[in-house]
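A.B. asks: Below is the file protein-v3.txt, with compact mmCIF, N, CA, C and O atoms.
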```txt
# COMPACT_ATOMS: atom_id res chain seq x y z
N MET C 218 0.83 -1.20 0.00
CA MET C 218 0.00 0.00 0.00
C MET C 218 0.87 1.26 0.00
O MET C 218 0.59 2.20 -0.71
N MET C 219 1.91 1.29 0.83
CA MET C 219 2.80 2.45 0.90
C MET C 219 3.47 2.69 -0.44
O MET C 219 3.60 3.84 -0.87
N LEU C 220 3.90 1.65 -1.12
CA LEU C 220 4.53 1.78 -2.43
C LEU C 220 3.57 2.41 -3.43
O LEU C 220 3.95 3.29 -4.20
N ALA C 221 2.32 2.02 -3.38
CA ALA C 221 1.32 2.60 -4.28
C ALA C 221 1.14 4.09 -4.01
O ALA C 221 1.02 4.89 -4.94
N LEU C 222 1.14 4.49 -2.73
CA LEU C 222 1.01 5.91 -2.40
C LEU C 222 2.21 6.70 -2.87
O LEU C 222 2.08 7.80 -3.40
N LEU C 223 3.41 6.16 -2.69
CA LEU C 223 4.61 6.83 -3.17
C LEU C 223 4.61 6.96 -4.68
O LEU C 223 4.98 7.99 -5.23
N PHE C 224 4.20 5.93 -5.38
CA PHE C 224 4.13 5.95 -6.84
C PHE C 224 3.14 7.00 -7.31
O PHE C 224 3.43 7.80 -8.20
N ALA C 225 1.97 7.05 -6.68
CA ALA C 225 0.96 8.04 -7.05
C ALA C 225 1.46 9.45 -6.78
O ALA C 225 1.25 10.37 -7.56
N GLY C 226 2.18 9.62 -5.67
CA GLY C 226 2.72 10.93 -5.34
C GLY C 226 3.73 11.43 -6.34
O GLY C 226 3.87 12.63 -6.57
N ALA C 227 4.46 10.52 -6.98
CA ALA C 227 5.45 10.93 -7.97
C ALA C 227 4.81 11.59 -9.18
O ALA C 227 5.41 12.41 -9.84
N PHE C 228 3.56 11.24 -9.45
CA PHE C 228 2.88 11.80 -10.61
C PHE C 228 1.93 12.93 -10.24
O PHE C 228 1.32 13.52 -11.09
N ALA C 229 1.84 13.23 -8.95
CA ALA C 229 0.97 14.31 -8.50
C ALA C 229 1.67 15.10 -7.39
O ALA C 229 1.23 15.12 -6.26
N PRO C 230 2.79 15.77 -7.72
CA PRO C 230 3.54 16.45 -6.67
C PRO C 230 2.77 17.54 -5.96
O PRO C 230 3.05 17.84 -4.82
N HIS C 231 1.77 18.13 -6.62
CA HIS C 231 0.99 19.17 -5.96
C HIS C 231 0.24 18.64 -4.75
O HIS C 231 -0.05 19.35 -3.82
N VAL C 232 -0.05 17.34 -4.75
CA VAL C 232 -0.71 16.73 -3.61
C VAL C 232 0.22 16.74 -2.41
O VAL C 232 -0.19 17.00 -1.28
N LEU C 233 1.49 16.50 -2.63
CA LEU C 233 2.45 16.42 -1.55
C LEU C 233 2.85 17.79 -1.03
O LEU C 233 3.14 17.94 0.14
N ILE C 234 2.89 18.80 -1.89
CA ILE C 234 3.37 20.11 -1.46
C ILE C 234 2.25 21.11 -1.23
O ILE C 234 2.49 22.19 -0.73
N GLY C 235 1.03 20.78 -1.54
CA GLY C 235 -0.06 21.74 -1.45
C GLY C 235 -0.77 21.73 -0.11
O GLY C 235 -1.93 22.10 -0.04
N THR C 236 -0.12 21.32 0.98
CA THR C 236 -0.81 21.16 2.24
C THR C 236 -0.69 22.35 3.17
O THR C 236 -1.36 22.40 4.18
N ALA C 237 0.16 23.30 2.90
CA ALA C 237 0.32 24.46 3.79
C ALA C 237 -0.95 25.30 3.76
O ALA C 237 -1.56 25.49 2.71
N GLU C 238 -1.33 25.80 4.93
CA GLU C 238 -2.53 26.64 5.01
C GLU C 238 -2.20 28.07 4.65
O GLU C 238 -1.12 28.58 4.95
N ALA C 239 -3.16 28.72 4.01
CA ALA C 239 -2.98 30.13 3.67
C ALA C 239 -3.12 30.98 4.91
O ALA C 239 -3.85 30.65 5.83
N ARG C 240 -2.37 32.10 4.94
CA ARG C 240 -2.51 33.03 6.04
C ARG C 240 -2.70 34.44 5.46
O ARG C 240 -2.18 34.75 4.39
N PRO C 241 -3.44 35.29 6.17
CA PRO C 241 -3.67 36.65 5.68
C PRO C 241 -2.36 37.43 5.60
O PRO C 241 -1.48 37.27 6.44
N ALA C 242 -2.27 38.27 4.59
CA ALA C 242 -1.08 39.09 4.38
C ALA C 242 -1.48 40.36 3.65
O ALA C 242 -2.63 40.53 3.24
N THR C 243 -0.52 41.24 3.47
CA THR C 243 -0.67 42.41 2.61
C THR C 243 0.26 42.21 1.43
O THR C 243 1.45 41.92 1.61
N CYS C 244 -0.29 42.30 0.24
CA CYS C 244 0.50 42.13 -0.98
C CYS C 244 0.69 43.47 -1.68
O CYS C 244 -0.10 44.40 -1.50
N PHE C 245 1.72 43.53 -2.47
CA PHE C 245 1.97 44.67 -3.33
C PHE C 245 2.60 44.14 -4.61
O PHE C 245 3.45 43.25 -4.58
N ASN C 246 2.14 44.66 -5.73
CA ASN C 246 2.85 44.46 -7.00
C ASN C 246 2.64 45.70 -7.85
O ASN C 246 1.80 46.54 -7.54
N ASP C 247 3.41 45.80 -8.90
CA ASP C 247 3.42 47.02 -9.70
C ASP C 247 2.14 47.22 -10.52
O ASP C 247 1.88 48.34 -10.96
N ASP C 248 1.34 46.18 -10.71
CA ASP C 248 0.09 46.32 -11.46
C ASP C 248 -1.10 46.63 -10.55
O ASP C 248 -1.93 47.48 -10.87
N GLU C 249 -1.21 45.92 -9.42
CA GLU C 249 -2.37 46.04 -8.55
C GLU C 249 -2.17 46.97 -7.36
O GLU C 249 -3.11 47.28 -6.65
N GLY C 250 -0.94 47.40 -7.10
CA GLY C 250 -0.67 48.21 -5.91
C GLY C 250 -0.73 47.36 -4.65
O GLY C 250 -0.44 46.17 -4.68
N ARG C 251 -1.12 47.96 -3.53
CA ARG C 251 -1.18 47.29 -2.22
C ARG C 251 -2.60 46.78 -1.99
O ARG C 251 -3.56 47.51 -2.22
N TYR C 252 -2.73 45.54 -1.49
CA TYR C 252 -4.04 44.94 -1.23
C TYR C 252 -3.92 43.77 -0.26
O TYR C 252 -2.84 43.22 -0.07
N ARG C 253 -5.04 43.42 0.36
CA ARG C 253 -5.10 42.27 1.25
C ARG C 253 -5.06 41.00 0.41
O ARG C 253 -5.68 40.94 -0.65
N CYS C 254 -4.34 40.00 0.90
CA CYS C 254 -4.22 38.76 0.15
C CYS C 254 -4.04 37.59 1.11
O CYS C 254 -3.90 37.78 2.32
N ASP C 255 -4.06 36.39 0.57
CA ASP C 255 -3.73 35.17 1.30
C ASP C 255 -2.40 34.67 0.78
O ASP C 255 -2.17 34.62 -0.43
N PHE C 256 -1.53 34.27 1.70
CA PHE C 256 -0.17 33.83 1.41
C PHE C 256 -0.05 32.36 1.80
O PHE C 256 -0.47 31.97 2.89
N ARG C 257 0.47 31.54 0.88
CA ARG C 257 0.67 30.12 1.16
C ARG C 257 2.03 29.69 0.64
O ARG C 257 2.33 29.86 -0.54
N GLN C 258 2.86 29.16 1.52
CA GLN C 258 4.15 28.61 1.10
C GLN C 258 3.97 27.18 0.61
O GLN C 258 3.02 26.50 1.00
N PHE C 259 4.90 26.75 -0.24
CA PHE C 259 4.91 25.35 -0.69
C PHE C 259 6.34 24.94 -1.00
O PHE C 259 7.20 25.78 -1.22
N GLY C 260 6.59 23.66 -1.00
CA GLY C 260 7.87 23.13 -1.42
C GLY C 260 8.96 23.14 -0.38
O GLY C 260 10.01 22.56 -0.59
N GLY C 261 8.76 23.82 0.74
CA GLY C 261 9.74 23.84 1.80
C GLY C 261 10.99 24.65 1.50
O GLY C 261 11.97 24.58 2.24
N ASP C 262 10.99 25.43 0.40
CA ASP C 262 12.19 26.19 0.02
C ASP C 262 11.96 27.69 -0.03
O ASP C 262 12.80 28.44 -0.49
N GLY C 263 10.79 28.15 0.44
CA GLY C 263 10.46 29.57 0.40
C GLY C 263 9.55 29.94 -0.76
O GLY C 263 9.13 31.09 -0.86
N SER C 264 9.24 28.99 -1.63
CA SER C 264 8.31 29.25 -2.73
C SER C 264 6.93 29.57 -2.14
O SER C 264 6.58 29.08 -1.06
N PHE C 265 6.16 30.39 -2.86
CA PHE C 265 4.85 30.77 -2.33
C PHE C 265 3.88 31.16 -3.43
O PHE C 265 4.26 31.43 -4.57
N VAL C 266 2.60 31.19 -3.03
CA VAL C 266 1.50 31.65 -3.88
C VAL C 266 0.73 32.68 -3.08
O VAL C 266 0.49 32.50 -1.88
N VAL C 267 0.33 33.78 -3.73
CA VAL C 267 -0.56 34.75 -3.11
C VAL C 267 -1.82 34.84 -3.95
O VAL C 267 -1.77 34.84 -5.19
N THR C 268 -2.96 34.89 -3.25
CA THR C 268 -4.25 34.97 -3.92
C THR C 268 -5.09 36.05 -3.25
O THR C 268 -4.90 36.36 -2.07
N ALA C 269 -6.00 36.62 -4.03
CA ALA C 269 -6.94 37.61 -3.51
C ALA C 269 -8.14 37.65 -4.43
O ALA C 269 -8.01 37.49 -5.66
N GLU C 270 -9.29 37.84 -3.84
CA GLU C 270 -10.53 37.93 -4.60
C GLU C 270 -10.43 39.01 -5.68
O GLU C 270 -10.01 40.14 -5.40
N GLY C 271 -10.75 38.65 -6.92
CA GLY C 271 -10.77 39.62 -8.00
C GLY C 271 -9.41 40.03 -8.55
O GLY C 271 -9.33 40.97 -9.33
N ARG C 272 -8.36 39.33 -8.13
CA ARG C 272 -7.01 39.66 -8.60
C ARG C 272 -6.32 38.38 -9.06
O ARG C 272 -6.67 37.29 -8.65
N PRO C 273 -5.30 38.52 -9.91
CA PRO C 273 -4.56 37.33 -10.33
C PRO C 273 -3.85 36.69 -9.14
O PRO C 273 -3.47 37.38 -8.18
N ALA C 274 -3.67 35.39 -9.20
CA ALA C 274 -2.82 34.68 -8.24
C ALA C 274 -1.39 34.79 -8.74
O ALA C 274 -1.13 34.62 -9.94
N TYR C 275 -0.47 35.07 -7.85
CA TYR C 275 0.95 35.14 -8.22
C TYR C 275 1.71 34.05 -7.50
O TYR C 275 1.53 33.83 -6.30
N THR C 276 2.56 33.36 -8.25
CA THR C 276 3.41 32.30 -7.71
C THR C 276 4.86 32.70 -7.89
O THR C 276 5.25 33.15 -8.98
N VAL C 277 5.64 32.54 -6.83
CA VAL C 277 7.09 32.71 -6.88
C VAL C 277 7.67 31.35 -6.51
O VAL C 277 7.51 30.90 -5.38
N SER C 278 8.27 30.69 -7.49
CA SER C 278 8.76 29.32 -7.33
C SER C 278 10.29 29.31 -7.41
O SER C 278 10.86 29.51 -8.49
N LEU C 279 10.93 29.11 -6.27
CA LEU C 279 12.39 29.16 -6.21
C LEU C 279 13.03 28.01 -6.96
O LEU C 279 12.57 26.87 -6.89
N PHE C 280 14.08 28.31 -7.72
CA PHE C 280 14.88 27.27 -8.36
C PHE C 280 16.29 27.22 -7.78
O PHE C 280 17.03 26.28 -8.02
N GLU C 281 16.65 28.25 -7.01
CA GLU C 281 17.86 28.26 -6.20
C GLU C 281 17.68 29.34 -5.16
O GLU C 281 16.78 30.18 -5.26
N ARG C 282 18.54 29.35 -4.17
CA ARG C 282 18.41 30.34 -3.09
C ARG C 282 18.47 31.76 -3.67
O ARG C 282 19.43 32.12 -4.35
N GLY C 283 17.41 32.53 -3.41
CA GLY C 283 17.37 33.92 -3.85
C GLY C 283 16.97 34.13 -5.30
O GLY C 283 16.94 35.27 -5.76
N ALA C 284 16.65 33.06 -6.04
CA ALA C 284 16.26 33.19 -7.45
C ALA C 284 15.02 32.32 -7.71
O ALA C 284 14.93 31.20 -7.22
N ALA C 285 14.09 32.86 -8.49
CA ALA C 285 12.81 32.18 -8.67
C ALA C 285 12.22 32.45 -10.05
O ALA C 285 12.58 33.42 -10.72
N ASP C 286 11.30 31.59 -10.42
CA ASP C 286 10.44 31.82 -11.57
C ASP C 286 9.16 32.45 -11.05
O ASP C 286 8.69 32.11 -9.96
N GLY C 287 8.58 33.37 -11.80
CA GLY C 287 7.33 34.01 -11.43
C GLY C 287 6.22 33.64 -12.39
O GLY C 287 6.46 33.47 -13.58
N PHE C 288 5.01 33.50 -11.85
CA PHE C 288 3.85 33.14 -12.64
C PHE C 288 2.65 33.97 -12.19
O PHE C 288 2.55 34.34 -11.02
N ALA C 289 1.75 34.23 -13.13
CA ALA C 289 0.48 34.88 -12.82
C ALA C 289 -0.63 33.98 -13.35
O ALA C 289 -0.50 33.40 -14.43
N ASP C 290 -1.70 33.86 -12.57
CA ASP C 290 -2.86 33.09 -12.99
C ASP C 290 -4.06 34.02 -12.98
O ASP C 290 -4.50 34.47 -11.93
N TYR C 291 -4.57 34.33 -14.16
CA TYR C 291 -5.71 35.22 -14.32
C TYR C 291 -7.02 34.45 -14.38
O TYR C 291 -8.04 34.98 -14.78
N GLY C 292 -6.98 33.17 -13.97
CA GLY C 292 -8.17 32.32 -13.96
C GLY C 292 -8.12 31.22 -14.99
O GLY C 292 -9.01 30.37 -15.03
N ASN C 293 -7.09 31.20 -15.84
CA ASN C 293 -6.98 30.19 -16.89
C ASN C 293 -5.71 29.36 -16.77
O ASN C 293 -5.27 28.77 -17.75
N GLY C 294 -5.07 29.36 -15.62
CA GLY C 294 -3.82 28.63 -15.43
C GLY C 294 -2.64 29.59 -15.41
O GLY C 294 -2.74 30.75 -15.80
N ASN C 295 -1.52 29.07 -14.93
CA ASN C 295 -0.33 29.90 -14.78
C ASN C 295 0.26 30.34 -16.11
O ASN C 295 0.36 29.55 -17.05
N ILE C 296 0.66 31.60 -16.14
CA ILE C 296 1.39 32.17 -17.27
C ILE C 296 2.74 32.61 -16.73
O ILE C 296 2.81 33.33 -15.73
N ALA C 297 3.82 32.16 -17.37
CA ALA C 297 5.16 32.54 -16.92
C ALA C 297 5.37 34.03 -17.11
O ALA C 297 5.05 34.59 -18.16
N LEU C 298 5.90 34.66 -16.08
CA LEU C 298 6.27 36.06 -16.16
C LEU C 298 7.73 36.17 -16.57
O LEU C 298 8.54 35.30 -16.22
N PRO C 299 8.09 37.23 -17.31
CA PRO C 299 9.49 37.39 -17.69
C PRO C 299 10.36 37.47 -16.43
O PRO C 299 9.99 38.11 -15.46
N GLY C 300 11.47 36.84 -16.47
CA GLY C 300 12.32 36.80 -15.29
C GLY C 300 13.72 36.40 -15.68
O GLY C 300 14.12 36.59 -16.82
N PRO C 301 14.43 35.88 -14.74
CA PRO C 301 14.01 35.37 -13.43
C PRO C 301 13.75 36.49 -12.42
O PRO C 301 14.06 37.65 -12.66
N PHE C 302 13.15 36.09 -11.29
CA PHE C 302 12.91 36.99 -10.17
C PHE C 302 14.00 36.78 -9.13
O PHE C 302 14.40 35.64 -8.86
N TYR C 303 14.47 37.88 -8.56
CA TYR C 303 15.48 37.82 -7.50
C TYR C 303 14.94 38.52 -6.26
O TYR C 303 14.20 39.51 -6.38
N ARG C 304 15.32 38.04 -5.11
CA ARG C 304 14.91 38.68 -3.86
C ARG C 304 15.58 40.04 -3.77
O ARG C 304 16.78 40.18 -3.99
N SER C 305 14.78 41.05 -3.46
CA SER C 305 15.27 42.42 -3.38
C SER C 305 16.21 42.60 -2.19
O SER C 305 15.92 42.14 -1.09
N ASP C 306 17.31 43.31 -2.42
CA ASP C 306 18.21 43.67 -1.33
C ASP C 306 17.64 44.82 -0.50
O ASP C 306 17.91 44.93 0.68
N GLN C 307 16.84 45.68 -1.13
CA GLN C 307 16.28 46.84 -0.45
C GLN C 307 15.06 46.49 0.40
O GLN C 307 14.83 47.10 1.43
N ASP C 308 14.25 45.54 -0.04
CA ASP C 308 13.05 45.11 0.68
C ASP C 308 12.95 43.60 0.57
O ASP C 308 12.52 43.08 -0.45
N ARG C 309 13.33 42.89 1.61
CA ARG C 309 13.40 41.42 1.59
C ARG C 309 12.03 40.77 1.42
O ARG C 309 11.96 39.56 1.18
N ALA C 310 10.95 41.53 1.51
CA ALA C 310 9.62 40.98 1.29
C ALA C 310 9.27 40.95 -0.20
O ALA C 310 8.23 40.44 -0.58
N CYS C 311 10.16 41.48 -1.05
CA CYS C 311 9.88 41.62 -2.48
C CYS C 311 10.76 40.73 -3.34
O CYS C 311 11.94 40.51 -3.04
N TRP C 312 10.17 40.30 -4.43
CA TRP C 312 10.87 39.58 -5.49
C TRP C 312 10.72 40.40 -6.76
O TRP C 312 9.61 40.83 -7.09
N VAL C 313 11.81 40.65 -7.47
CA VAL C 313 11.82 41.58 -8.59
C VAL C 313 12.31 40.87 -9.85
O VAL C 313 13.35 40.21 -9.84
N SER C 314 11.57 41.05 -10.95
CA SER C 314 11.95 40.46 -12.23
C SER C 314 13.20 41.15 -12.76
O SER C 314 13.24 42.38 -12.88
N ASP C 315 14.19 40.36 -13.10
CA ASP C 315 15.42 40.89 -13.70
C ASP C 315 15.17 41.43 -15.11
O ASP C 315 15.85 42.32 -15.57
N ALA C 316 14.13 40.90 -15.77
CA ALA C 316 13.83 41.29 -17.15
C ALA C 316 13.01 42.58 -17.23
O ALA C 316 13.21 43.37 -18.14
N THR C 317 12.07 42.77 -16.29
CA THR C 317 11.13 43.90 -16.42
C THR C 317 11.12 44.84 -15.23
O THR C 317 10.55 45.93 -15.32
N GLY C 318 11.66 44.42 -14.09
CA GLY C 318 11.60 45.23 -12.88
C GLY C 318 10.29 45.07 -12.12
O GLY C 318 10.09 45.70 -11.08
N PHE C 319 9.37 44.22 -12.61
CA PHE C 319 8.09 43.98 -11.94
C PHE C 319 8.34 43.36 -10.57
O PHE C 319 9.10 42.41 -10.44
N SER C 320 7.69 43.92 -9.53
CA SER C 320 7.87 43.46 -8.15
C SER C 320 6.64 42.73 -7.65
O SER C 320 5.51 43.17 -7.90
N ILE C 321 6.87 41.67 -6.89
CA ILE C 321 5.83 40.96 -6.13
C ILE C 321 6.31 40.97 -4.68
O ILE C 321 7.37 40.43 -4.38
N CYS C 322 5.54 41.61 -3.80
CA CYS C 322 5.91 41.74 -2.39
C CYS C 322 4.81 41.19 -1.50
O CYS C 322 3.63 41.34 -1.82
N VAL C 323 5.21 40.59 -0.38
CA VAL C 323 4.25 40.07 0.59
C VAL C 323 4.70 40.47 1.98
O VAL C 323 5.84 40.19 2.38
N TYR C 324 3.80 41.13 2.72
CA TYR C 324 4.09 41.59 4.09
C TYR C 324 3.15 40.93 5.07
O TYR C 324 2.05 40.60 4.79
```
How does this structure look as structure tokens?
C.D. replies:
Amino acid sequence: MMLALLFAGAFAPHVLIGTAEARPATCFNDDEGRYRCDFRQFGGDGSFVVTAEGRPAYTVSLFERGAADGFADYGNGNIALPGPFYRSDQDRACWVSDATGFSICVY
């Protein structure tokens, strides 16, 4: 039985990493400004998703310490944002696209 669960988990990683509970936060990005949001970490490496009613969901998915891929979901699935995103030295709550300067911040 355990082997079957491990095998199934290999093909559905979101099941294994999607268990963290969302917590209230304040978000900021260059398109929407500052707003209330829900923050949920995943993957155990600092990756996260922020969601808010009536706004796109933003995902920051780390591929190495301090560097991440960014995604926006406008209701039709994730769209890759130009990047990569790097953690800001000026505001550690922010991740900034190296390609466009677009910021995603969570407080």
A.B. asks: Wanna dump the range 231-260 of chain C-range 306-318 of chain C contacts at 8 Å for me, each residue with its shortest atom pair and the distance in Å to one decimal, counting only N, CA, C and O atoms, ordered by chain and number, as a tab-separated table?
C.D. replies:
```
residue	atom	partner	partner_atom	distance
C:Thr243	O	C:Ala310	O	7.3
C:Cys244	CA	C:Ala310	O	7.9
C:Phe245	O	C:Ala310	O	6.8
C:Asn246	CA	C:Trp312	O	7.7
C:Asp247	CA	C:Gly318	O	6.9
```
A.B. asks: Calculate how many Å separate CA of Ile296 in chain C from CA of Ala239 in chain C, rounding to one decimal.
C.D. replies: 21.5 Å
A.B. asks: By how many Å are atom O of Pro241 in chain C and CA of Val323 in chain C apart?
C.D. replies: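 Separation of atom O of Pro241 in chain C and CA of Val323 in chain C: 8.7 Å.
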A.B. asks: If you run DSSP on this backbone, which residues of chain C come out as alpha helix (DSSP H), and could you give them as a list in words?
C.D. replies: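 Output for chain C, alpha helix (DSSP H) only: Met219, Leu220, Ala221, Leu222, Leu223, Phe224, Ala225, Gly226, Ala227, Pro230, His231, Val232, Leu233 and Ile234 of chain C.
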A.B. asks: Grab the CA of Thr268 in chain C to CA of Cys254 in chain C distance for me, in Å with one decimal place.
C.D. replies: 5.6 Å
A.B. asks: Where does DSSP see strand (DSSP E or B) in chain C, if you list the residues as a PyMOL selection string?
C.D. replies: chain C and resi 240-246+250-259+264-268+274-281+284-290+295-297+302-304+311-314+320-323
A.B. asks: Would you pick out the contacts of Phe265 in chain C at 4.5 Å or less, using only N, CA, C and O atoms, so that residues sharing its chain but fewer than 3 positions from it are not included, and give the list as a list of chain:residue names?
C.D. replies: C:Arg257, C:Gln258, C:Tyr275, C:Thr276, C:Val277
A.B. asks: How big is the axis-aligned box around all listed atoms of range 315-320 of chain C once 5 Å goes on each side, and where's its centre, in Å to one decimal, as AutoDock Vina command-line options?
C.D. replies:
```
--center_x 10.7 --center_y 43.1 --center_z -12.9 --size_x 20.3 --size_y 15.6 --size_z 20.5
```
